[in-house]
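*Asks:* Got a file for you: structure.txt, compact mmCIF, C-alpha atoms.
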# COMPACT_ATOMS: atom_id res chain seq x y z
CA MET A 1 -5.96 11.72 -35.89
CA ALA A 2 -5.28 9.94 -32.61
CA LEU A 3 -7.32 11.41 -29.77
CA VAL A 4 -5.92 11.20 -26.26
CA ASN A 5 -7.65 10.13 -23.07
CA GLU A 6 -8.33 13.63 -21.81
CA HIS A 7 -8.88 12.41 -18.27
CA PHE A 8 -5.08 12.13 -18.03
CA LEU A 9 -4.88 15.86 -18.59
CA LYS A 10 -6.76 16.43 -15.34
CA LEU A 11 -3.90 14.95 -13.32
CA ALA A 12 -1.25 17.08 -11.68
CA ASP A 13 1.89 17.24 -13.81
CA ASN A 14 3.89 15.29 -11.25
CA TYR A 15 3.34 12.41 -8.89
CA LEU A 16 3.82 13.35 -5.21
CA PHE A 17 7.17 11.62 -4.86
CA SER A 18 8.43 13.16 -8.11
CA ASP A 19 7.79 16.60 -6.61
CA ILE A 20 9.70 15.61 -3.50
CA ALA A 21 12.63 14.32 -5.57
CA LYS A 22 12.82 17.60 -7.47
CA LYS A 23 12.93 19.62 -4.27
CA VAL A 24 15.60 17.37 -2.78
CA ASN A 25 17.72 17.49 -5.93
CA ALA A 26 17.51 21.29 -5.96
CA TYR A 27 18.68 21.34 -2.34
CA LYS A 28 21.62 19.04 -3.13
CA VAL A 29 22.76 21.32 -5.95
CA THR A 30 22.95 24.30 -3.59
CA HIS A 31 24.25 22.24 -0.64
CA PRO A 32 26.64 19.72 -2.25
CA LYS A 33 28.33 18.78 1.04
CA ALA A 34 25.14 18.14 3.00
CA LYS A 35 24.26 14.58 3.96
CA VAL A 36 20.56 14.25 3.26
CA ILE A 37 18.72 11.63 5.32
CA SER A 38 15.53 10.35 3.72
CA LEU A 39 12.69 9.19 5.94
CA GLY A 40 10.19 9.99 3.24
CA ILE A 41 9.64 7.45 0.48
CA GLY A 42 8.48 4.04 1.67
CA ASP A 43 11.36 2.09 0.16
CA VAL A 44 13.16 -0.63 2.09
CA THR A 45 16.90 -0.57 2.76
CA ARG A 46 17.63 -4.05 4.09
CA PRO A 47 18.90 -6.61 1.52
CA LEU A 48 16.83 -9.53 0.31
CA PRO A 49 16.62 -12.48 2.73
CA GLN A 50 19.28 -15.11 2.07
CA ALA A 51 16.67 -17.81 1.46
CA VAL A 52 15.14 -15.67 -1.28
CA LEU A 53 18.52 -15.08 -2.91
CA GLU A 54 19.33 -18.78 -2.92
CA ALA A 55 15.96 -19.65 -4.45
CA MET A 56 16.36 -17.03 -7.16
CA HIS A 57 19.91 -18.17 -7.96
CA LYS A 58 18.65 -21.72 -8.30
CA ALA A 59 15.86 -20.55 -10.59
CA VAL A 60 18.34 -18.65 -12.75
CA ASP A 61 20.40 -21.83 -13.11
CA GLU A 62 17.26 -23.71 -14.14
CA MET A 63 16.64 -21.16 -16.88
CA GLY A 64 20.09 -21.94 -18.28
CA LYS A 65 19.35 -25.61 -18.92
CA ALA A 66 17.09 -26.94 -21.66
CA GLU A 67 15.50 -29.56 -19.43
CA THR A 68 14.49 -27.04 -16.74
CA PHE A 69 14.02 -23.90 -18.87
CA ARG A 70 10.61 -22.20 -18.61
CA GLY A 71 9.04 -19.88 -21.12
CA TYR A 72 5.66 -18.24 -20.73
CA GLY A 73 4.16 -19.08 -17.37
CA PRO A 74 0.52 -18.90 -16.30
CA GLU A 75 -0.70 -15.28 -16.20
CA GLN A 76 -2.33 -15.98 -12.85
CA GLY A 77 0.92 -17.24 -11.29
CA TYR A 78 2.53 -20.62 -10.70
CA SER A 79 0.62 -22.99 -8.45
CA PHE A 80 3.67 -23.54 -6.23
CA LEU A 81 3.41 -19.89 -5.13
CA THR A 82 -0.36 -19.58 -4.89
CA GLU A 83 -0.47 -22.77 -2.82
CA ALA A 84 2.22 -21.42 -0.48
CA ILE A 85 0.28 -18.17 -0.08
CA ILE A 86 -2.99 -19.92 0.72
CA LYS A 87 -1.34 -22.32 3.16
CA ASN A 88 0.70 -19.73 5.06
CA ASP A 89 -1.20 -16.44 4.75
CA TYR A 90 -4.80 -17.61 4.87
CA ALA A 91 -5.32 -21.19 6.05
CA THR A 92 -3.47 -20.36 9.28
CA ARG A 93 -6.18 -17.76 9.96
CA GLY A 94 -9.05 -20.09 9.17
CA ILE A 95 -9.60 -18.64 5.69
CA SER A 96 -10.27 -21.06 2.85
CA LEU A 97 -9.30 -20.09 -0.71
CA ASP A 98 -8.95 -21.89 -4.03
CA ASN A 99 -5.83 -21.63 -6.14
CA ASN A 100 -7.66 -19.75 -8.87
CA GLU A 101 -8.78 -17.06 -6.45
CA VAL A 102 -5.18 -15.85 -5.99
CA PHE A 103 -3.53 -13.86 -8.79
CA ILE A 104 0.24 -13.20 -8.70
CA ASN A 105 1.33 -9.77 -9.96
CA ASP A 106 4.35 -7.49 -10.17
CA GLY A 107 3.43 -5.56 -7.04
CA ALA A 108 0.27 -4.35 -5.34
CA LYS A 109 0.50 -0.88 -6.92
CA SER A 110 -0.13 -2.38 -10.37
CA ASP A 111 -3.29 -4.22 -9.41
CA THR A 112 -4.75 -1.48 -7.22
CA GLY A 113 -4.35 0.81 -10.22
CA ASN A 114 -5.56 -1.70 -12.82
CA ILE A 115 -8.53 -3.19 -10.98
CA GLY A 116 -10.70 -0.41 -12.37
CA ASP A 117 -10.42 -2.00 -15.82
CA ILE A 118 -13.22 -4.40 -14.89
CA LEU A 119 -15.48 -1.71 -13.37
CA ARG A 120 -17.75 0.81 -15.11
CA HIS A 121 -16.57 4.37 -15.53
CA ASP A 122 -19.57 5.81 -13.68
CA ASN A 123 -19.25 3.94 -10.39
CA SER A 124 -19.18 6.27 -7.39
CA VAL A 125 -15.97 5.98 -5.37
CA GLY A 126 -15.27 6.43 -1.67
CA VAL A 127 -11.82 6.77 -0.13
CA THR A 128 -10.58 7.19 3.39
CA ASP A 129 -8.67 10.46 3.55
CA PRO A 130 -5.66 10.76 3.64
CA ILE A 131 -4.82 7.83 1.38
CA TYR A 132 -2.29 6.37 -1.06
CA PRO A 133 -2.38 8.64 -4.18
CA VAL A 134 -2.71 5.78 -6.71
CA TYR A 135 -6.29 5.09 -5.61
CA ILE A 136 -7.37 8.60 -6.60
CA ASP A 137 -5.19 9.06 -9.68
CA SER A 138 -6.20 5.76 -11.29
CA ASN A 139 -9.86 6.75 -10.99
CA VAL A 140 -9.10 10.17 -12.46
CA MET A 141 -7.53 8.38 -15.45
CA ALA A 142 -10.66 6.24 -15.84
CA GLY A 143 -13.02 9.23 -15.73
CA ARG A 144 -14.65 8.36 -12.40
CA ALA A 145 -13.31 11.26 -10.35
CA GLY A 146 -15.17 14.14 -11.98
CA THR A 147 -13.52 17.55 -11.85
CA LEU A 148 -11.02 18.97 -9.39
CA GLU A 149 -12.70 21.54 -7.16
CA GLY A 150 -10.09 23.11 -4.93
CA ASN A 151 -8.25 20.09 -3.55
CA ARG A 152 -11.09 17.57 -3.94
CA TRP A 153 -12.52 15.65 -6.88
CA SER A 154 -16.24 16.22 -7.37
CA ASN A 155 -17.21 12.54 -7.78
CA ILE A 156 -15.01 11.17 -5.00
CA VAL A 157 -16.48 10.76 -1.51
CA TYR A 158 -13.77 11.66 1.00
CA ILE A 159 -14.05 9.97 4.41
CA PRO A 160 -11.77 11.80 6.84
CA CYS A 161 -9.40 9.83 9.10
CA THR A 162 -7.78 12.27 11.51
CA ALA A 163 -6.87 12.61 15.15
CA GLU A 164 -10.34 14.02 15.78
CA ASN A 165 -12.00 10.66 15.02
CA ASP A 166 -9.08 8.50 16.20
CA PHE A 167 -8.37 7.64 12.55
CA VAL A 168 -11.49 5.47 12.38
CA PRO A 169 -13.50 6.32 9.24
CA ASP A 170 -17.22 6.99 9.58
CA LEU A 171 -19.68 5.42 7.15
CA PRO A 172 -20.04 7.64 4.06
CA SER A 173 -22.61 10.39 3.97
CA ARG A 174 -23.88 9.44 0.51
CA ARG A 175 -24.13 6.41 -1.76
CA ILE A 176 -20.91 4.82 -3.04
CA ASP A 177 -20.31 1.77 -5.22
CA ILE A 178 -16.59 1.24 -4.61
CA LEU A 179 -14.70 1.79 -1.37
CA TYR A 180 -10.92 1.82 -0.88
CA LEU A 181 -9.64 0.74 2.52
CA CYS A 182 -5.94 0.41 3.42
CA PHE A 183 -5.03 -1.02 6.83
CA PRO A 184 -2.49 -0.87 8.36
CA ASN A 185 -2.84 2.49 6.71
CA ASN A 186 -0.45 4.23 4.40
CA PRO A 187 0.18 7.05 5.27
CA THR A 188 -1.12 7.29 8.86
CA GLY A 189 0.26 3.98 10.16
CA THR A 190 -3.01 3.37 12.02
CA THR A 191 -5.17 0.23 12.06
CA LEU A 192 -8.80 -0.86 12.29
CA SER A 193 -10.08 -3.19 14.99
CA LYS A 194 -12.01 -6.30 14.03
CA GLU A 195 -15.24 -4.64 15.17
CA HIS A 196 -14.61 -1.55 13.05
CA LEU A 197 -13.77 -3.67 10.01
CA LYS A 198 -16.89 -5.74 10.62
CA THR A 199 -18.93 -2.53 10.47
CA TRP A 200 -17.59 -1.83 6.98
CA VAL A 201 -18.17 -5.38 5.74
CA ASN A 202 -21.75 -5.29 7.01
CA TYR A 203 -22.25 -1.90 5.35
CA ALA A 204 -20.93 -3.30 2.06
CA LEU A 205 -23.17 -6.36 2.30
CA ALA A 206 -26.25 -4.24 2.96
CA ASN A 207 -25.52 -1.72 0.20
CA ASP A 208 -23.86 -3.79 -2.57
CA VAL A 209 -20.56 -1.94 -2.15
CA LEU A 210 -17.29 -3.38 -3.48
CA ILE A 211 -14.41 -3.01 -1.00
CA LEU A 212 -10.90 -2.78 -2.42
CA TYR A 213 -8.81 -3.73 0.61
CA ASP A 214 -5.07 -2.98 0.56
CA ALA A 215 -3.34 -5.14 3.18
CA ALA A 216 0.22 -4.58 1.95
CA TYR A 217 1.48 -3.92 5.50
CA GLU A 218 -0.31 -6.70 7.38
CA ARG A 219 2.98 -8.40 8.35
CA TYR A 220 3.83 -5.37 10.51
CA ILE A 221 0.84 -5.86 12.80
CA ARG A 222 1.92 -6.57 16.37
CA ASP A 223 -1.40 -6.42 18.20
CA PRO A 224 -3.03 -9.91 18.10
CA LYS A 225 -6.49 -8.31 18.14
CA ILE A 226 -5.95 -6.51 14.83
CA PRO A 227 -7.14 -8.48 11.75
CA HIS A 228 -4.52 -9.24 9.07
CA SER A 229 -7.07 -9.94 6.33
CA ILE A 230 -10.52 -8.61 5.60
CA TYR A 231 -11.56 -12.24 5.05
CA GLU A 232 -11.31 -12.78 8.79
CA ILE A 233 -14.69 -11.03 8.84
CA ARG A 234 -17.71 -13.20 8.03
CA GLY A 235 -19.22 -12.35 4.66
CA ALA A 236 -16.20 -10.42 3.36
CA LYS A 237 -15.66 -12.80 0.44
CA LYS A 238 -18.94 -11.56 -0.98
CA VAL A 239 -17.84 -7.91 -1.02
CA ALA A 240 -14.05 -7.55 -1.00
CA ILE A 241 -10.94 -7.87 -3.15
CA GLU A 242 -7.70 -7.99 -1.16
CA PHE A 243 -4.29 -6.79 -2.32
CA ARG A 244 -0.98 -7.87 -0.77
CA SER A 245 2.67 -7.37 -1.55
CA PHE A 246 6.12 -8.83 -0.95
CA SER A 247 7.67 -5.37 -1.35
CA LYS A 248 7.75 -4.09 2.21
CA THR A 249 7.69 -7.51 3.88
CA ALA A 250 10.46 -9.34 2.01
CA GLY A 251 12.28 -6.40 0.43
CA PHE A 252 10.85 -6.91 -3.08
CA THR A 253 10.52 -3.22 -3.96
CA GLY A 254 13.11 -3.71 -6.71
CA VAL A 255 12.18 -7.32 -7.52
CA ARG A 256 8.42 -6.74 -7.89
CA CYS A 257 5.92 -9.31 -6.72
CA GLY A 258 2.58 -9.26 -4.96
CA TYR A 259 -0.83 -10.86 -5.25
CA THR A 260 -4.52 -10.10 -5.43
CA VAL A 261 -7.32 -12.23 -4.03
CA VAL A 262 -10.62 -12.18 -5.94
CA PRO A 263 -13.07 -14.64 -4.35
CA LYS A 264 -15.35 -16.62 -6.66
CA GLU A 265 -18.44 -15.63 -4.68
CA LEU A 266 -17.77 -11.92 -5.27
CA ASN A 267 -20.08 -10.39 -7.88
CA GLY A 268 -20.45 -7.15 -9.74
CA PHE A 269 -23.51 -6.14 -11.72
CA THR A 270 -24.48 -5.09 -15.21
CA LEU A 271 -26.56 -1.97 -15.69
CA ALA A 272 -29.56 -4.29 -16.05
CA GLY A 273 -28.83 -5.83 -12.64
CA LYS A 274 -27.35 -9.14 -13.79
CA LYS A 275 -24.72 -10.62 -11.46
CA ILE A 276 -21.24 -11.08 -12.94
CA ALA A 277 -18.42 -12.96 -11.19
CA LEU A 278 -15.54 -10.53 -10.74
CA ASN A 279 -13.09 -13.43 -10.50
CA HIS A 280 -13.92 -14.33 -14.10
CA LEU A 281 -13.59 -10.74 -15.30
CA TRP A 282 -10.26 -10.21 -13.57
CA ASN A 283 -8.93 -13.48 -14.97
CA ARG A 284 -9.98 -12.38 -18.45
CA ARG A 285 -8.30 -9.01 -17.98
CA GLN A 286 -5.05 -10.56 -16.77
CA THR A 287 -4.83 -13.15 -19.53
CA THR A 288 -5.27 -10.35 -22.07
CA LYS A 289 -3.08 -7.58 -20.64
CA PHE A 290 -0.55 -9.29 -18.34
CA ASN A 291 2.03 -11.94 -19.19
CA GLY A 292 2.68 -13.02 -15.64
CA THR A 293 5.42 -12.42 -13.07
CA SER A 294 8.75 -14.03 -13.90
CA TYR A 295 9.45 -17.59 -12.80
CA ILE A 296 12.66 -16.45 -11.07
CA THR A 297 10.78 -13.85 -9.04
CA GLN A 298 8.03 -16.29 -8.05
CA ARG A 299 10.58 -18.84 -6.83
CA GLY A 300 12.05 -16.10 -4.68
CA ALA A 301 8.60 -15.26 -3.32
CA GLU A 302 7.94 -18.92 -2.57
CA ALA A 303 11.09 -19.00 -0.43
CA VAL A 304 9.58 -16.31 1.80
CA PHE A 305 7.36 -19.06 3.23
CA SER A 306 10.17 -21.55 3.93
CA PRO A 307 11.21 -21.84 7.61
CA GLU A 308 14.48 -20.04 6.85
CA GLY A 309 12.80 -17.40 4.72
CA ALA A 310 10.07 -16.71 7.27
CA ALA A 311 12.66 -16.23 10.02
CA GLN A 312 14.74 -13.89 7.86
CA VAL A 313 11.70 -11.85 6.81
CA LYS A 314 10.66 -11.53 10.44
CA GLU A 315 14.15 -10.31 11.33
CA ASN A 316 13.93 -7.54 8.73
CA ILE A 317 10.45 -6.52 9.83
CA ASP A 318 11.56 -6.48 13.47
CA TYR A 319 14.44 -4.22 12.45
CA TYR A 320 12.12 -1.70 10.79
CA MET A 321 9.66 -1.80 13.67
CA ALA A 322 12.51 -1.12 16.11
CA ASN A 323 13.23 1.97 13.99
CA ALA A 324 9.55 2.91 14.24
CA ARG A 325 9.60 2.67 18.04
CA LEU A 326 12.81 4.69 18.15
CA LEU A 327 11.37 7.39 15.91
CA LYS A 328 8.08 7.59 17.75
CA LYS A 329 9.67 7.92 21.18
CA GLY A 330 12.25 10.41 19.92
CA LEU A 331 9.68 12.63 18.23
CA GLU A 332 7.35 12.49 21.24
CA ASP A 333 10.25 13.38 23.52
CA CYS A 334 10.63 16.50 21.36
CA GLY A 335 7.02 17.41 22.10
CA MET A 336 5.57 16.21 18.82
CA LYS A 337 2.18 14.50 18.56
CA VAL A 338 2.74 11.25 16.69
CA PHE A 339 0.39 8.49 15.51
CA GLY A 340 1.05 5.09 13.97
CA GLY A 341 4.36 3.26 14.27
CA ASP A 342 2.97 0.51 16.53
CA ASN A 343 1.54 -1.86 13.91
CA ALA A 344 2.96 -0.26 10.77
CA PRO A 345 6.28 1.15 9.50
CA TYR A 346 4.81 4.65 9.11
CA LEU A 347 4.59 7.51 11.60
CA TRP A 348 2.07 10.30 11.14
CA MET A 349 3.08 13.48 12.95
CA GLN A 350 1.19 16.71 13.44
CA THR A 351 3.33 19.56 12.18
CA PRO A 352 4.52 22.06 14.83
CA ASP A 353 1.84 24.70 15.38
CA ARG A 354 -0.08 22.94 12.56
CA ILE A 355 1.89 24.80 9.89
CA SER A 356 1.33 23.63 6.33
CA SER A 357 2.80 20.28 5.35
CA TRP A 358 4.91 21.67 2.50
CA LYS A 359 6.21 24.55 4.63
CA PHE A 360 7.35 22.04 7.25
CA PHE A 361 8.92 19.92 4.48
CA ASP A 362 11.03 22.89 3.37
CA GLN A 363 12.01 23.79 6.93
CA LEU A 364 13.06 20.23 7.71
CA LEU A 365 15.07 19.93 4.49
CA TYR A 366 16.83 23.29 4.65
CA ASN A 367 17.49 23.34 8.40
CA VAL A 368 18.55 19.75 9.09
CA ALA A 369 18.68 17.98 5.68
CA ILE A 370 15.94 15.47 6.59
CA VAL A 371 13.32 14.40 4.07
CA GLY A 372 9.82 13.27 4.96
CA THR A 373 6.51 13.37 3.10
CA PRO A 374 4.01 16.26 3.34
CA GLY A 375 0.71 14.90 4.58
CA VAL A 376 -1.39 16.99 2.20
CA GLY A 377 0.10 14.97 -0.66
CA PHE A 378 -2.09 12.08 0.52
CA GLY A 379 -5.33 14.07 0.49
CA PRO A 380 -7.03 17.15 1.97
CA SER A 381 -7.25 15.67 5.48
CA GLY A 382 -3.47 15.23 5.44
CA GLU A 383 -2.85 18.95 5.71
CA GLY A 384 -1.08 19.77 8.97
CA TYR A 385 0.47 16.29 9.14
CA PHE A 386 3.75 14.79 8.03
CA ARG A 387 4.75 11.19 7.30
CA PHE A 388 8.01 9.57 8.33
CA THR A 389 8.98 6.00 7.43
CA ALA A 390 10.93 3.47 9.47
CA PHE A 391 12.61 1.96 6.41
CA GLY A 392 15.93 3.74 6.84
CA SER A 393 19.05 2.28 8.41
CA ARG A 394 19.37 2.35 12.19
CA GLU A 395 22.31 4.73 11.93
CA ASN A 396 20.42 7.21 9.75
CA THR A 397 17.34 6.97 11.94
CA GLU A 398 19.37 7.78 15.04
CA GLU A 399 21.23 10.60 13.31
CA ALA A 400 18.00 12.10 11.99
CA LEU A 401 16.52 12.11 15.48
CA GLU A 402 19.62 13.78 16.90
CA ARG A 403 19.45 16.50 14.25
CA PHE A 404 15.73 16.96 14.91
CA ARG A 405 16.27 17.29 18.68
CA LYS A 406 18.90 19.99 18.26
CA TRP A 407 16.79 21.88 15.73
CA ILE A 408 13.35 21.71 17.31
Starting from the coordinates I provided, produce the structure as C-alpha cells.
*Replies:*
Amino acid sequence: MALVNEHFLKLADNYLFSDIAKKVNAYKVTHPKAKVISLGIGDVTRPLPQAVLEAMHKAVDEMGKAETFRGYGPEQGYSFLTEAIIKNDYATRGISLDNNEVFINDGAKSDTGNIGDILRHDNSVGVTDPIYPVYIDSNVMAGRAGTLEGNRWSNIVYIPCTAENDFVPDLPSRRIDILYLCFPNNPTGTTLSKEHLKTWVNYALANDVLILYDAAYERYIRDPKIPHSIYEIRGAKKVAIEFRSFSKTAGFTGVRCGYTVVPKELNGFTLAGKKIALNHLWNRRQTTKFNGTSYITQRGAEAVFSPEGAAQVKENIDYYMANARLLKKGLEDCGMKVFGGDNAPYLWMQTPDRISSWKFFDQLLYNVAIVGTPGVGFGPSGEGYFRFTAFGSRENTEEALERFRKWI
C-alpha cells in the first residue's frame, strides 16, 4: 500500500491564481461579449528581445548538426552563462562569486520551492506578510508549517508589512531558523533600504538564521540607493541564498530560466551542531533531481547580457515601469491609496472603504471587467489590499484606468 505525503492534504484545493482563473472563466461564460482586461497575474506581454531570439535560433541550428550538437549539459548550468551572470550582475556591484556558486534553473519559482529539500523538516520559518504563496505552500508540503489555525499556520512566524509600518518588517518576536525576504516585494511592490537590509543581515549573523532572498525584480529598481542584491551587505554571504529570474526581466515566463546563488561560505548545521556547507548539499540535490536547463534556453539567457540584449531588456522594463507610473497616478487621481510601482512592476492598493479583497475582486470584475489579485491571497496582512500589475499592454492599461475612473 502506497502511503501519501499527508502534508499535501493540508493545502487548499486550489492555488490562488487557479481560483482567480475559475472566477474569470465563470464571468466570461455569462458575459461572452465582455472584454476582460487582466492586471492580475504577473505575466509579461512584451515579446522576447530580438538578441535573445537570434541567440536561441543559432542554438537550435547548432543542435541540428553533429559537430555542434549537445546532449546532457551540466546540471549546474553552462559556464558561459554563469560567467556572464557573475560579470554583469555581481562584479559590477563589487560582489565576488565563483562559477560554482551560481546554479542555473528553470525559473526562480522552482528553486524557492525546492530549496527546502536540503533543510530539516523541523526548522522554524519566518515570512514577511503578505508574501508570494509558494514560500508558505512549499513548507506546508514539507511538514514545517504545522496546522492551519484560521488563516495562519501554527509553525510559521508572520512578520506584517503594511502601511502602518511603511512596509518595513520588524525583527521577529520569536526564534526562527529560516527567513524569507522578497525585495522588491511581490505583492506590495515596496523595497528595503540598504540600512534596513543590513539590520536583517546582522540579525541573521547574530542568530544563525538562513535568509532566502528573492531578488527576482531587482532590474526594476530605479532608486540608486536601493540595493539590488543582498550580497551588497557585508557578511551576507555567510547567511543568505539569493534567487533571481529572467522571467520578468527578459520575458522568459514561457521560456523558463533563472538562477540561484549559494555561497561556499554559507553553512547549515546538523542536529549535533556540525557545520555543513549548503553549497555542497544544493549541488548534490541538483545533480540527483535536476537535469539542467536546456542549452538553447541558456544561450538565450546569455544574450540578455550582450550590449544589444541589455538595451532591449531595458526598453521592455522601461515600458512596464511607464505602465506602473500611469496606473499609480490614475488610481491616486481616483482617490485610491496606492503603494509600490516606483521600483517594482506591482501596485498595492487599499480597497475602497477597506472592504474585503475578494469582495472588491468581484465588484471590479462584474462592474468593469477588470481583473486584479485579492491581497488576502498573499497572506493575512493582505486583507483590505489589492494587487495590480504593470505587465499589460499600454492600450489595456489606459483602457482599464478609464473604466475604473467612470466606475469609481
*Asks:* Mind pulling up the distance from atom CA of Val261 of chain A to atom CA of Tyr78 of chain A?
*Replies:* 14.6 Å
*Asks:* Mind checking which residues fall within 7 Å of segment 228-235 of chain A, counting all atoms listed in the file, ignoring those fewer than 4 positions away in the same chain, and posting them as a ChimeraX atom specification?
*Replies:* /A:95,198,215,218
*Asks:* Save out the residues we just selected, C-alpha atoms, as a PDB file, keeping the file's coordinate frame.
*Replies:*
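Everything below was put into part00.pdb:
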ATOM      1  CA  ILE A  95      -9.600 -18.640   5.690  1.00  0.00           C
ATOM      2  CA  LYS A 198     -16.890  -5.740  10.620  1.00  0.00           C
ATOM      3  CA  ALA A 215      -3.340  -5.140   3.180  1.00  0.00           C
ATOM      4  CA  GLU A 218      -0.310  -6.700   7.380  1.00  0.00           C
TER       5      GLU A 218
END
*Asks:* So, counting only C-alpha atoms, which residue among A:Thr389, A:Thr373, A:Asn88, A:Thr191 is closest to Asp214 of chain A?
*Replies:* A:Thr191
*Asks:* Looking at A:Leu271, A:Val255, A:Leu365, A:Ile408, which one is nearest to Asp106 of chain A, with distances taken over only C-alpha atoms?
*Replies:* A:Val255
*Asks:* Which residue out of A:Phe246, A:Trp348, A:Phe339, A:Tyr27 has the minimum interatomic distance to Ala216 of chain A when only C-alpha atoms are used?
*Replies:* A:Phe246
*Asks:* Could you make a table, as CSV, of the residues of segment 175-207 of chain A that have an atom within 12 Å of an atom of segment 141-149 of chain A, each with its nearest atom pair and distance in Å to one decimal, counting all atoms listed in the file, in chain and number order?
*Replies:*
residue,atom,partner,partner_atom,distance
A:Ile176,CA,A:Arg144,CA,11.8
A:Asp177,CA,A:Arg144,CA,11.3
A:Ile178,CA,A:Arg144,CA,10.7
*Asks:* From the set A:Leu11, A:Ala301, A:Ile118, A:Val157, which residue has the shortest atom-to-atom contact distance to Ser247 of chain A, counting only C-alpha atoms?
*Replies:* A:Ala301
*Asks:* Which one of A:Asn114, A:Phe252, A:Gly273, A:Pro172 sits closest to Leu212 of chain A if you count all atoms listed in the file?
*Replies:*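 Residue with the minimum atom-to-atom distance to Leu212 of chain A: A:Asn114.
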*Asks:* Report as a VMD selection string all protein, DNA and RNA residues lying within 7 Å of Gly392 of chain A, evaluated on all atoms listed in the file, omitting residues in the same chain fewer than 5 positions from it.
*Replies:* chain A and resid 39 45 397
*Asks:* What gap, in Å, lies between atom CA of Gly254 of chain A and atom CA of Arg46 of chain A?
*Replies:* 11.7 Å
*Asks:* Which is closest to Gly372 of chain A among A:Tyr72, A:Tyr135, A:Phe17, A:Phe305, if we use only C-alpha atoms?
*Replies:*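 Using only C-alpha atoms, the shortest distance to Gly372 of chain A belongs to A:Phe17.
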*Asks:* May I have the residues within 9 Å of Ala322 of chain A as a PyMOL selection string, using only C-alpha atoms and disregarding those fewer than 5 positions away in the same chain?
*Replies:* chain A and resi 317+327+390+394
*Asks:* Do you have the atom CA of Cys257 of chain A-atom CA of Asn105 of chain A distance handy?
*Replies:* 5.6 Å
*Asks:* Extract, using all atoms listed in the file, all DNA, RNA and protein residues at most 12 Å from segment 336-338 of chain A, discarding same-chain residues fewer than 2 positions from it, and format them as a ChimeraX atom specification.
*Replies:* /A:162-163,188-190,324-325,327-334,340-342,346-354,384-388,404-405,408
*Asks:* If we count all atoms listed in the file, what is near segment 31-37 of chain A at a cut-off of 7 Å, once residues fewer than 3 positions away on the same chain are taken out, given as JSON, numbers by chain?
*Replies:* {"A": [27, 28, 369, 370, 371, 396, 400]}
